[in-house]
Structures are given as structure tokens and as C-alpha cells.
file target-v4.txt (compact mmCIF, C-alpha atoms)
# COMPACT_ATOMS: atom_id res chain seq x y z
CA MET I 1 0.00 0.00 0.00
CA ARG I 2 2.82 2.38 0.82
CA SER I 3 4.37 1.94 -2.63
CA HIS I 4 1.06 3.03 -4.24
CA VAL I 5 0.91 6.15 -2.05
CA ALA I 6 4.55 6.94 -2.82
CA ALA I 7 3.92 6.52 -6.56
CA VAL I 8 0.87 8.81 -6.49
CA LEU I 9 2.76 11.38 -4.44
CA LEU I 10 5.69 11.25 -6.87
CA ILE I 11 3.37 11.77 -9.86
CA VAL I 12 1.58 14.71 -8.19
CA CYS I 13 4.87 16.38 -7.29
CA SER I 14 6.39 15.88 -10.75
CA VAL I 15 3.29 17.35 -12.43
CA ALA I 16 3.49 20.39 -10.13
CA LEU I 17 7.17 20.89 -10.99
CA VAL I 18 6.63 20.57 -14.73
CA SER I 19 3.73 23.00 -14.82
CA ALA I 20 5.47 25.51 -12.53
CA GLN I 21 6.94 27.26 -15.56
CA LYS I 22 4.92 30.05 -17.09
CA THR I 23 2.94 29.13 -20.16
CA ARG I 24 2.35 31.97 -22.57
CA PHE I 25 0.21 31.27 -25.54
CA GLY I 26 1.30 33.26 -28.58
CA GLN I 27 -0.94 35.67 -30.34
CA GLY I 28 -1.92 35.04 -33.91
CA PRO I 29 -0.48 37.08 -36.75
CA PRO I 30 -1.80 40.65 -36.92
CA LYS I 31 -4.92 41.19 -39.03
CA ALA I 32 -5.48 44.03 -41.48
CA LYS I 33 -7.61 46.79 -40.04
CA ASP I 34 -10.78 47.86 -41.81
CA GLY I 35 -10.34 51.00 -43.89
CA VAL I 36 -6.57 50.62 -44.27
CA ASP I 37 -5.52 50.85 -47.92
CA TYR I 38 -2.82 48.62 -49.45
CA PRO I 39 -2.08 50.52 -52.70
CA ILE I 40 1.29 48.99 -53.65
CA LYS I 41 1.55 45.84 -55.76
CA ILE I 42 4.47 43.51 -54.93
CA HIS I 43 5.20 40.29 -56.80
CA ILE I 44 6.92 37.54 -54.77
CA SER I 45 8.96 35.22 -57.01
CA GLY I 46 10.99 33.22 -54.48
CA ILE I 47 10.93 32.34 -50.79
CA HIS I 48 13.80 31.19 -48.55
CA LEU I 49 13.52 30.13 -44.90
CA ARG I 50 16.68 30.70 -42.85
CA GLN I 51 17.66 31.09 -39.22
CA ASP I 52 18.83 34.40 -37.81
CA CYS I 53 20.98 33.80 -34.73
CA THR I 54 22.20 36.48 -32.35
CA LYS I 55 24.36 36.24 -29.26
CA GLY I 56 22.91 38.11 -26.31
CA ALA I 57 24.71 39.98 -23.55
CA THR I 58 24.31 36.96 -21.26
CA GLY I 59 26.29 34.80 -23.69
CA TYR I 60 23.34 32.74 -24.87
CA THR I 61 22.64 32.43 -28.58
CA THR I 62 19.03 32.76 -29.67
CA CYS I 63 17.77 31.84 -33.12
CA ALA I 64 14.59 32.80 -34.94
CA ASP I 65 13.17 31.59 -38.24
CA VAL I 66 13.31 34.32 -40.87
CA ILE I 67 11.73 34.42 -44.31
CA TYR I 68 13.65 36.00 -47.16
CA ALA I 69 11.53 36.71 -50.24
CA ASP I 70 12.65 37.67 -53.73
CA ALA I 71 10.24 40.36 -54.88
CA GLN I 72 9.59 42.88 -57.60
CA LEU I 73 8.32 46.35 -56.76
CA ALA I 74 7.70 48.95 -59.48
CA GLY I 75 10.03 47.12 -61.88
CA GLN I 76 12.86 46.86 -59.33
CA LYS I 77 14.02 43.54 -57.89
CA ILE I 78 14.24 43.69 -54.09
CA GLY I 79 14.84 41.30 -51.23
CA LEU I 80 12.39 41.29 -48.33
CA MET I 81 13.04 39.88 -44.86
CA GLY I 82 10.45 39.17 -42.17
CA PHE I 83 9.94 36.81 -39.28
CA GLN I 84 8.15 33.49 -39.59
CA ILE I 85 5.33 32.99 -37.12
CA TRP I 86 5.06 29.36 -36.02
CA LEU I 87 1.72 29.09 -34.30
CA PRO I 88 -0.63 26.12 -34.48
CA GLY I 89 -3.43 26.99 -36.87
CA HIS I 90 -1.70 30.19 -38.05
CA PRO I 91 0.82 29.26 -40.75
CA ILE I 92 2.14 32.10 -42.85
CA LEU I 93 0.42 32.01 -46.23
CA LEU I 94 3.30 33.53 -48.18
CA VAL I 95 3.68 31.82 -51.56
CA THR I 96 4.88 33.04 -54.94
CA ALA I 97 2.14 35.42 -56.11
CA ASP I 98 1.09 39.07 -56.35
CA TYR I 99 0.32 40.86 -53.07
CA GLN I 100 -1.08 44.20 -52.05
CA ALA I 101 1.18 46.12 -49.68
CA ARG I 102 1.63 49.44 -47.96
CA LEU I 103 4.74 51.36 -46.99
CA LEU I 104 5.23 51.56 -43.23
CA LYS I 105 8.57 53.30 -42.95
CA ALA I 106 10.94 55.01 -45.33
CA PRO I 107 14.32 55.43 -43.56
CA HIS I 108 15.44 58.37 -45.68
CA PRO I 109 13.68 60.95 -47.83
CA GLY I 110 13.39 59.77 -51.44
CA GLY I 111 16.40 58.49 -53.32
CA PRO I 112 16.86 55.32 -55.38
CA ASN I 113 18.08 53.13 -52.49
CA PRO I 114 15.17 51.18 -50.94
CA ILE I 115 17.21 49.33 -48.27
CA GLY I 116 15.61 49.69 -44.85
CA MET I 117 12.11 50.48 -46.09
CA GLU I 118 9.42 48.55 -44.23
CA TYR I 119 6.29 47.15 -45.83
CA GLU I 120 3.16 45.29 -44.74
CA LEU I 121 2.02 42.64 -47.20
CA LEU I 122 -1.63 41.64 -47.12
CA MET I 123 -2.08 37.85 -47.11
CA PRO I 124 -5.17 36.13 -48.61
CA ASP I 125 -6.67 35.53 -45.13
CA ARG I 126 -6.35 39.28 -44.29
CA THR I 127 -3.34 38.75 -42.00
CA ILE I 128 -0.31 40.91 -42.60
CA TRP I 129 3.37 40.05 -42.95
CA ARG I 130 5.73 42.82 -41.91
CA SER I 131 8.95 42.89 -43.90
CA THR I 132 12.02 45.03 -44.46
CA VAL I 133 13.91 45.57 -47.72
CA THR I 134 17.35 44.00 -47.23
CA GLY I 135 18.72 44.27 -50.76
CA PHE I 136 18.01 45.09 -54.38
CA SER I 137 19.39 44.33 -57.83
CA GLU I 138 18.96 45.31 -61.46
call {"tool": "encode", "arguments": {"input": "target-v4.txt", "output": "C-alpha cells"}}
result
Amino acid sequence: MRSHVAAVLLIVCSVALVSAQKTRFGQGPPKAKDGVDYPIKIHISGIHLRQDCTKGATGYTTCADVIYADAQLAGQKIGLMGFQIWLPGHPILLVTADYQARLLKAPHPGGPNPIGMEYELLMPDRTIWRSTVTGFSE
């Protein structure tokens, strides 16, 4: 009888220790707001999934999945970079196709260099993918 009580006590204690860590459920990808216009047309012609690893001040290396997309904007070939959101039931719907987008941030006034500009691409399910221009070519 004592072995049964000890086994139940061990199971109860181990469950309490395992669930003692905080559980934070992630939010889904942001949705497009009603009335927001996406006037820019961007064509995605290629998609690459890579890891972006950084070493923090504490010495630990953290990695995140990053999507690099080959795109064409107003006749110019650009490279877009944005984070992949891995949530159950919320896969990113980025495939090779035409997308509506809007400019979020232009780092400098005018000029032919688009590096650093930030865009929101509107996905078919009305979620948005935030991306930054990381390169361009002829």
C-alpha cells in the first residue's frame, strides 16, 4: 500500500514541478484593419527560410526563423526579410504570387536606395506580414 501512495505522491509532485513554468500562448499574426488601404503591388517570385541567430549579452545564442523573399516592386528587384510565425493553426500564407502592400517606414527621404524600407504585405486571409527591404538588384 505504501508503494502506491509513494507513486501517487511522486506523480503529483512531478506534475506540479513541470507546470510551474509560465505558459504563454502566442498571439496570432496581426490582421489588417478595416479601412486601411494597401495601394502597392508587390510580386513575390521566391521564398527562402533561414535562421537568424544572435548572441545576447548573457552569452546565450538565440535563433529565430526568418523568411527572405525575392520580390519585384515597381520594376525593381528587391529582397524582403520578415519573421516566420510558427503558431498552431496560423501558418504564414506567403507563396509566390502578387500581393497588395503598404509602406510603413521610409528610412530616408526619397532616393533610389530602398534598403531599410518597411512594408506590410496583405495575405489572402487578411493577415499581414511585416517585412524590411534588405537588398536590391537590377
call {"tool": "atom_distance", "arguments": {"input": "target-v4.txt", "atom1": "CA of His43 (chain I)", "atom2": "CA of Gly82 (chain I)"}}
result
15.6 Å
call {"tool": "closest_residue", "arguments": {"input": "target-v4.txt", "among": "I:Val36, I:Ile128, I:Met81, I:Leu104", "to": "Gln51 (chain I)", "atoms": "all atoms listed in the file"}}
result
I:Met81
call {"tool": "atom_distance", "arguments": {"input": "target-v4.txt", "atom1": "CA of Leu73 (chain I)", "atom2": "CA of Cys53 (chain I)"}}
result
28.3 Å
call {"tool": "atom_distance", "arguments": {"input": "target-v4.txt", "atom1": "CA of Gln72 (chain I)", "atom2": "CA of Arg50 (chain I)"}}
result
20.4 Å
call {"tool": "closest_residue", "arguments": {"input": "target-v4.txt", "among": "I:Cys63, I:Met117, I:Ile44, I:Ile78", "to": "Leu103 (chain I)", "atoms": "only C-alpha atoms"}}
result
I:Met117
call {"tool": "closest_residue", "arguments": {"input": "target-v4.txt", "among": "I:Gln76, I:Ala69, I:Glu120, I:Gly35", "to": "Thr96 (chain I)", "atoms": "only C-alpha atoms"}}
result
I:Ala69
call {"tool": "closest_residue", "arguments": {"input": "target-v4.txt", "among": "I:Asn113, I:Thr58, I:His48, I:Leu94", "to": "Arg130 (chain I)", "atoms": "all atoms listed in the file"}}
result
I:Leu94
call {"tool": "residues_near_point", "arguments": {"input": "target-v4.txt", "point": "(-2.5, 41.3, -44.7)", "cutoff": "6 Å", "atoms": "only C-alpha atoms", "output": "mmCIF file with C-alpha atoms, keeping the file's coordinate frame"}}
result
data_model
loop_
_atom_site.group_PDB
_atom_site.id
_atom_site.type_symbol
_atom_site.label_atom_id
_atom_site.label_comp_id
_atom_site.auth_asym_id
_atom_site.auth_seq_id
_atom_site.Cartn_x
_atom_site.Cartn_y
_atom_site.Cartn_z
ATOM 1 C CA ALA I 32 -5.480 44.030 -41.480
ATOM 2 C CA LEU I 121 2.020 42.640 -47.200
ATOM 3 C CA LEU I 122 -1.630 41.640 -47.120
ATOM 4 C CA MET I 123 -2.080 37.850 -47.110
ATOM 5 C CA ARG I 126 -6.350 39.280 -44.290
ATOM 6 C CA THR I 127 -3.340 38.750 -42.000
ATOM 7 C CA ILE I 128 -0.310 40.910 -42.600
#
call {"tool": "closest_residue", "arguments": {"input": "target-v4.txt", "among": "I:Lys77, I:Gly59, I:Trp129, I:Val66", "to": "Gln100 (chain I)", "atoms": "only C-alpha atoms"}}
result
I:Trp129
call {"tool": "closest_residue", "arguments": {"input": "target-v4.txt", "among": "I:Lys55, I:Ala71, I:Ala101, I:Ile40", "to": "Val133 (chain I)", "atoms": "all atoms listed in the file"}}
result
I:Ala71
